[in-house]
Amino acid sequence: MRFAPPTRITYIALTLAIPCLVILALWKQGDLTNLTAFLALSVTAALYLRMRWIHDFVRAWWRREYDQKVASTDAALVRNDLTATERRRLQRYRDQLPDRYHLVTSPDETYKPINFMGYVLKFGAYAFKQ
């Protein structure tokens, strides 16, 4: 149980913060112009709109990792020598796994707001193009 991906809400929040951070960095450096804003928003929009396709290359690996963690956690939960605290910790971890591996268990719920943000950024980029 070394590493677990971020939960769905954290993943979406961090993903949606990226264009804000890019625009803020350009502004702080004094490089924020209509062209740089257009380019930053266009590239981020293209990335967001193609994120499912990009993730498809590693989704099978994520699925294997998720299945391994579920199996090992379930195996640990059936042991008789666990204390109540260890059992609660393992059960809480087991309950969090589907939310942490949301790109495997329920990707549509994750990609829906990201795709929406991609379209918002795409149309916002064209506002800077004028």
# chains A, B, ... in the order shown; residues from 1 in each chain; ligands from 1
>>> residues_around(residues="range 121-128 of chain A", least_positions_apart="2", cutoff="9 Å", atoms="only C-alpha atoms", output="PyMOL selection string")
chain A and resi 19+33-46+116-119+130
>>> atom_distance(atom1="CA of Arg94 in chain A", atom2="CA of Lys69 in chain A")
8.4 Å
>>> closest_residue(among="A:Met51, A:Ala4, A:Ala84, A:Leu97", to="Ala71 in chain A", atoms="only C-alpha atoms")
A:Leu97
>>> closest_residue(among="A:Arg89, A:Lys112, A:Arg50, A:His102", to="Tyr66 in chain A", atoms="only C-alpha atoms")
A:His102
>>> atom_distance(atom1="CA of Ile114 in chain A", atom2="CA of Tyr48 in chain A")
6.1 Å
>>> closest_residue(among="A:Trp62, A:Leu90, A:Ile23, A:Gln96", to="Ala75 in chain A", atoms="only C-alpha atoms")
A:Leu90
